[in-house]
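Worksheet: one structure, shown below.
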Amino acid sequence: MVDAIFGGLGRFSVRFRWLMTLAWIIAAIAAVAYLPSLSSVTQSNNTKFLPASSPVEKATALAAPFGTANLVPIPVVAARTTGTLTPADSAAIARLATDLKNVPNVRRVVNLGTSPVKPSVPGQAQQLLVLAGQVGGNQTAATDLINNLRTAIVRAGLPPGLQAHVTGNIAVQVDQQKASGNQGGKVQDLSLVFIIILLVLIFRSLTLALTTLIPAFLSVLISGPLVAEAAHHGLQVSPIAQLLMIVLVLGAGTDYGLFLVFRVREELRGASYDGGPVDRSGGLSLGRAIGRDLRRPRDPARAAIVRAVTRVGESITFSAATVVAAVLTLLLASFAFYADLGVPFAIAIAVTLLAALTLLPALLSIRLSLLGAKRTLFQAWFGKPKLLPWQIQGSGRPGVWGSVANRIVRYPIPTLVVGVLFFGGLAVGVTGYSAAGFGGGTTAPAGSDSAAGQTLLNRYFPQAAANPTDLIFRFATPVWDHPGTLATATSQLRRSPLFTQVTGPLNPVGPTLTPAQFLGLYHALGPAKLLPPTPPAHSRIPAVAYQLYRATANYVSADGHTILFSVGLKAGDPGGTPALNAVPAIRAETTAVAHATGATASGVAGEAPALYDISSISNSDLKRIIPVAIVVIGLLLALVLRSLVAPLYLIASVGVSYLAALGLSVLLFIDLGGSGGLVFFLPFLMFIFLLALGEDYNILVMTRIREESHHLPLRQAVARALSITGTTVTSAGLVLAGTFLVLAIAGGTGSGGNSQFFDIGMGLALGILMDTFLVRTLLVPSTVVLLGRWNWWPSKLTMDQPEHPAGTPEALDGQPDPVR
């Protein structure tokens, strides 16, 4: 039944090859033209993925009276570097604030006040805070916002000598992208170039390399807009999901193409047995069934394509199903960042699978027509290729994998013991694992507008920070009823060794108010939130005192029940590992201040506490999802292999590979590289990806061993299967690992790079390489040999399979080499 389904699919794709190809091209054009782009819906604010019960989300709710929740702060600094600001300057800045408020997506513009005049610091400045709606990871939207703000500044006609600059995280990111280019485009383009070069080296054929890659490329074009459309219906997509999806589709899609193309090559060379294995749906041999059903076309090469789809279609489908099942278990995560990875990846892999089973056979058939009858499927534009050393199969020589296969089946116990010891040694490195934050995102490129703004911000508002951490306190009564609590809180926070600076109600722009002065200004002027930018004509309050009190509106709510302190962290960048590790102490200090001042509630908001909560939830989700993913993948393996025993050691092999890869990452990046830690969600993503992608190769190898076991003793079946699939697994592993390496290089380096992309890309690349060259091709085959016919229990093959005694080289005495 299964073979009949895939055989029919192969015949349809080959027979209607032009129609099938045209349908995919139309689908890709329609998706790009009529559906939203994926980059337009990505969400870079990771706190948006946190549940409402997380401490940082509760703290953000406490800050709601300030009206900044879910808004992006963008500092704008207007300064005169010589002399003080003139009345004309102040009026121009007020007009600029109005112009900035009219920029699309800007919600509010807050004047944070004027810097004090200091003899040691020439000039004077005012700071505006633009509060904009979320732009997510959509680089186009972020760039448009920053460009529009800068255009408004240019058009404002500021007086000579008065300069204004846009700075802060969003502006820095935009300037970084201008300096380094778009990461998503870089990753996709470099991945395509890498895969093409590698496929040309593997096939020695440019046309075949392009033919194999086209289905994966069209899958990227189609799946991205489909996921973006789902985002318009509530799905949240992070920039990491966008980059990983590009890499996953190109890597996995090329792998599925390699599975099929290598099987087509084998069929063309006559490496499969005459008559083939028994068709599971009936008594006919698979070869006879195909020969009977394949009426059109009768061309032997096209018949080979159909036979290849029939024989590996099930393996490719279950390989994709394991990836889909693994990523869908992410829906169980409480951290929406993980949960929302599941649907995009599942959609992408489903599209990739469909392309591999329908478009690729059609393209291979078209390629035959275009190259002509005298040219073989693997003949390139540049002539008949030579086979690489590891590709020699069916030529009378065993090749590298044939030699390896012979050694494994002769010495399974030493192979297994050495492998376990090697991976166990690497796994010990996991004990040195420590989580890290994001970091590295607040340095502006030299000479950029954001760099100039940051310089002015540091000069005139040293107490300000482009990425502050906020401490929020709520009181049962307004603070002007007990202004002494403001001094108590300020004093205790300043004494803490955790903070480098503390800005709050009594020192909003530098100079410090006493509680009595704060209370007097309140009685004279009322709530600071309601004051106009300039003092009323009848006001007797000095302008300096007026502006100072007016700036307290950013730290005292209109009703006086909530106050806020912006602090700089002694631990450094709020996105860095030291800041993440300092969060428990910061929260404890905040709670102590709340008790000392009689606050009824308190909280810590900002990047550092958000990352800490994400890390905690990530660890909890990892413990919850791993067992479910293992069970689901185990059931799929049991179905495709018709065995309850094989899935046990296959999943165990993934566990060993995962721990070894994580341990190696710790050794390379923390112990040798001096990194403060690995990005905290790397263990989670490594497990899901290695479990899903590792089982791809397990399925390919094990289904081939099972196929050969129908007519060969197990040892010979293992050796023959490994010699044939070794090249496929090696090539596929190199492609997949290479695409993740591209992610590490393109996404994790340069002025716009992110260390998180480097950690993820390198970690997954290392895991896939070890899985490819060691686990799938050494440990798994040796385990199969040692278990003998019990591999297939309780299927009928357990009883019917001929077998030699396992465990010693003498088991093969008197027999021909397994690989001929």
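By convention in this document, the chains of the structure tokens carry letters A, B, ... by their order, each chain's residues are numbered from 1, and ligands are numbered from 1 in the order they are shown.
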
Could you name the residues that touch Leu678 in chain A at 12 Å or less, counting only C-alpha atoms, but leaving out those on the same chain fewer than 3 positions away, as an mmCIF file with N, CA and C atoms, in the first residue's frame?
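Contents of out.cif, freshly written:
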data_model
loop_
_atom_site.group_PDB
_atom_site.id
_atom_site.type_symbol
_atom_site.label_atom_id
_atom_site.label_comp_id
_atom_site.auth_asym_id
_atom_site.auth_seq_id
_atom_site.Cartn_x
_atom_site.Cartn_y
_atom_site.Cartn_z
ATOM 1 N N VAL A 430 29.385 19.321 29.595
ATOM 2 C CA VAL A 430 28.094 19.939 29.907
ATOM 3 C C VAL A 430 28.084 20.481 31.336
ATOM 4 N N GLY A 432 30.094 22.256 32.737
ATOM 5 C CA GLY A 432 30.580 23.634 32.776
ATOM 6 C C GLY A 432 29.662 24.620 32.092
ATOM 7 N N TYR A 433 28.463 24.172 31.723
ATOM 8 C CA TYR A 433 27.532 25.055 31.020
ATOM 9 C C TYR A 433 27.025 26.168 31.927
ATOM 10 N N SER A 434 26.967 27.360 31.390
ATOM 11 C CA SER A 434 26.325 28.491 32.060
ATOM 12 C C SER A 434 25.576 29.293 31.010
ATOM 13 N N ALA A 435 24.418 29.825 31.415
ATOM 14 C CA ALA A 435 23.575 30.563 30.481
ATOM 15 C C ALA A 435 24.087 31.974 30.294
ATOM 16 N N ALA A 436 23.837 32.527 29.116
ATOM 17 C CA ALA A 436 24.245 33.894 28.815
ATOM 18 C C ALA A 436 23.059 34.670 28.292
ATOM 19 N N GLY A 437 23.173 35.987 28.352
ATOM 20 C CA GLY A 437 22.161 36.846 27.775
ATOM 21 C C GLY A 437 22.441 37.083 26.309
ATOM 22 N N PHE A 438 21.858 38.135 25.798
ATOM 23 C CA PHE A 438 22.058 38.468 24.381
ATOM 24 C C PHE A 438 23.303 39.327 24.238
ATOM 25 N N GLY A 439 23.258 40.545 24.731
ATOM 26 C CA GLY A 439 24.438 41.405 24.747
ATOM 27 C C GLY A 439 24.858 41.896 23.378
ATOM 28 N N GLY A 576 23.800 41.495 28.757
ATOM 29 C CA GLY A 576 24.935 40.597 28.931
ATOM 30 C C GLY A 576 24.722 39.577 30.027
ATOM 31 N N THR A 577 25.615 38.604 30.067
ATOM 32 C CA THR A 577 25.519 37.519 31.046
ATOM 33 C C THR A 577 25.664 38.007 32.481
ATOM 34 N N SER A 615 15.044 32.873 30.593
ATOM 35 C CA SER A 615 15.944 31.757 30.863
ATOM 36 C C SER A 615 15.314 30.755 31.813
ATOM 37 N N LEU A 662 26.670 19.618 22.993
ATOM 38 C CA LEU A 662 26.573 20.697 23.975
ATOM 39 C C LEU A 662 27.851 20.792 24.790
ATOM 40 N N GLY A 663 28.412 19.645 25.174
ATOM 41 C CA GLY A 663 29.672 19.650 25.914
ATOM 42 C C GLY A 663 30.811 20.232 25.100
ATOM 43 N N LEU A 664 30.867 19.897 23.801
ATOM 44 C CA LEU A 664 31.907 20.458 22.935
ATOM 45 C C LEU A 664 31.741 21.964 22.787
ATOM 46 N N SER A 665 30.493 22.437 22.700
ATOM 47 C CA SER A 665 30.244 23.881 22.615
ATOM 48 C C SER A 665 30.735 24.588 23.871
ATOM 49 N N VAL A 666 30.501 23.972 25.021
ATOM 50 C CA VAL A 666 30.977 24.549 26.286
ATOM 51 C C VAL A 666 32.499 24.636 26.289
ATOM 52 N N LEU A 667 33.169 23.554 25.866
ATOM 53 C CA LEU A 667 34.632 23.535 25.849
ATOM 54 C C LEU A 667 35.193 24.599 24.905
ATOM 55 N N LEU A 668 34.594 24.729 23.720
ATOM 56 C CA LEU A 668 35.128 25.649 22.722
ATOM 57 C C LEU A 668 34.845 27.110 23.062
ATOM 58 N N PHE A 669 33.619 27.405 23.486
ATOM 59 C CA PHE A 669 33.219 28.805 23.626
ATOM 60 C C PHE A 669 33.390 29.359 25.038
ATOM 61 N N ILE A 670 33.225 28.519 26.051
ATOM 62 C CA ILE A 670 33.345 29.006 27.427
ATOM 63 C C ILE A 670 34.747 28.758 27.967
ATOM 64 N N ASP A 671 35.198 27.494 27.920
ATOM 65 C CA ASP A 671 36.496 27.163 28.513
ATOM 66 C C ASP A 671 37.661 27.711 27.687
ATOM 67 N N GLY A 673 37.252 29.722 24.640
ATOM 68 C CA GLY A 673 36.965 31.025 24.050
ATOM 69 C C GLY A 673 36.777 32.139 25.045
ATOM 70 N N GLY A 674 36.617 31.800 26.324
ATOM 71 C CA GLY A 674 36.478 32.828 27.345
ATOM 72 C C GLY A 674 35.118 33.507 27.372
ATOM 73 N N SER A 675 34.116 32.912 26.726
ATOM 74 C CA SER A 675 32.775 33.494 26.752
ATOM 75 C C SER A 675 32.162 33.346 28.135
ATOM 76 N N PHE A 681 18.899 29.753 25.303
ATOM 77 C CA PHE A 681 17.984 28.803 24.665
ATOM 78 C C PHE A 681 18.697 27.849 23.718
ATOM 79 N N LEU A 682 20.048 27.886 23.702
ATOM 80 C CA LEU A 682 20.781 26.957 22.844
ATOM 81 C C LEU A 682 20.528 25.498 23.213
ATOM 82 N N PRO A 683 20.586 25.095 24.508
ATOM 83 C CA PRO A 683 20.307 23.687 24.827
ATOM 84 C C PRO A 683 18.938 23.240 24.339
ATOM 85 N N PHE A 684 17.945 24.116 24.451
ATOM 86 C CA PHE A 684 16.587 23.771 24.032
ATOM 87 C C PHE A 684 16.528 23.534 22.531
ATOM 88 N N MET A 686 19.020 23.064 20.435
ATOM 89 C CA MET A 686 19.902 21.972 20.018
ATOM 90 C C MET A 686 19.221 20.633 20.175
ATOM 91 N N SER A 755 25.639 37.644 18.917
ATOM 92 C CA SER A 755 26.337 36.473 19.430
ATOM 93 C C SER A 755 25.404 35.285 19.562
ATOM 94 N N GLN A 756 24.103 35.532 19.747
ATOM 95 C CA GLN A 756 23.163 34.429 19.877
ATOM 96 C C GLN A 756 23.114 33.603 18.595
ATOM 97 N N PHE A 757 23.155 34.269 17.421
ATOM 98 C CA PHE A 757 23.143 33.543 16.161
ATOM 99 C C PHE A 757 24.419 32.719 16.004
ATOM 100 N N PHE A 758 25.532 33.262 16.460
ATOM 101 C CA PHE A 758 26.794 32.530 16.365
ATOM 102 C C PHE A 758 26.740 31.274 17.228
ATOM 103 N N ASP A 759 26.262 31.413 18.466
ATOM 104 C CA ASP A 759 26.154 30.256 19.363
ATOM 105 C C ASP A 759 25.248 29.184 18.771
ATOM 106 N N ILE A 760 24.072 29.608 18.286
ATOM 107 C CA ILE A 760 23.109 28.637 17.748
ATOM 108 C C ILE A 760 23.673 27.950 16.510
ATOM 109 N N GLY A 761 24.186 28.749 15.588
ATOM 110 C CA GLY A 761 24.694 28.183 14.346
ATOM 111 C C GLY A 761 25.848 27.230 14.564
ATOM 112 N N MET A 762 26.837 27.643 15.377
ATOM 113 C CA MET A 762 27.996 26.797 15.619
ATOM 114 C C MET A 762 27.621 25.556 16.411
ATOM 115 N N GLY A 763 26.771 25.711 17.424
ATOM 116 C CA GLY A 763 26.368 24.560 18.227
ATOM 117 C C GLY A 763 25.668 23.500 17.403
#

Notebook entry, point to check: Do you know which residues are at most 9 Å from Met245 in chain A counting only C-alpha atoms, after dropping those on the same chain fewer than 3 positions away, and could you put them as JSON, numbers by chain?
Noted result: {"A": [220, 223, 224, 240, 241, 242, 248, 249, 250, 344, 345, 348, 349]}

Margin query: When you count only C-alpha atoms, which of these residues is closest to Met770 in chain A: A:Ser40, A:Ala661, A:Leu786, A:Thr703?
Written below: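 Ranking A:Ser40, A:Ala661, A:Leu786, A:Thr703 by distance to Met770 in chain A, first place goes to A:Ala661.
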
Next item on the list: Give the answer as one residue: which of A:Pro478, A:Gly634, A:Pro75, A:Gly234 has the shortest atom-to-atom distance to Ile699 in chain A, using only C-alpha atoms?
Entry: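 Going through A:Pro478, A:Gly634, A:Pro75, A:Gly234 one by one, the smallest distance to Ile699 in chain A is for A:Gly634.
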
Check: Quick one: residues within 10 Å of Ala125 in chain A, only C-alpha atoms counted, chain neighbours fewer than 3 positions away excluded, as a list in words?
Finding: Val77, Ala78, Ala79, Arg80, Thr81, Thr84, Leu85, Asp89, Ser90, Gly113, Thr114, Ser115, Pro116, Val117, Leu128, Leu162, Gln163, Ala164, Leu456, Leu457, Arg459, Tyr460 and Phe461 of chain A

Next item on the list: From the DSSP assignment of the backbone, select every residue of range 555-669 of chain A that is helix (DSSP H, G or I), and format the answer as an MDAnalysis selection string.
Entry: chainID A and resid 577:597 607:641 646:669

Item checked: DSSP strand (DSSP E) residues within range 440-595 of chain A, as an MDAnalysis selection string -> chainID A and resid 469:474 499:503 562:569

Next item on the list: Rank A:Trp401, A:Phe259, A:Phe194, A:Phe423 by their smallest atom-to-atom distance to Thr212 in chain A, using only C-alpha atoms, and report the top residue only.
Entry: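 The closest residue to Thr212 in chain A is A:Phe259.
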
Next item on the list: For each of A:Ala524, A:Leu38, A:Leu741, A:Ala405, take the minimum atom-to-atom distance to Val718 in chain A, counting only C-alpha atoms, then give the residue where this is smallest.
Entry: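 Under the stated criterion, the closest residue is A:Ala405.
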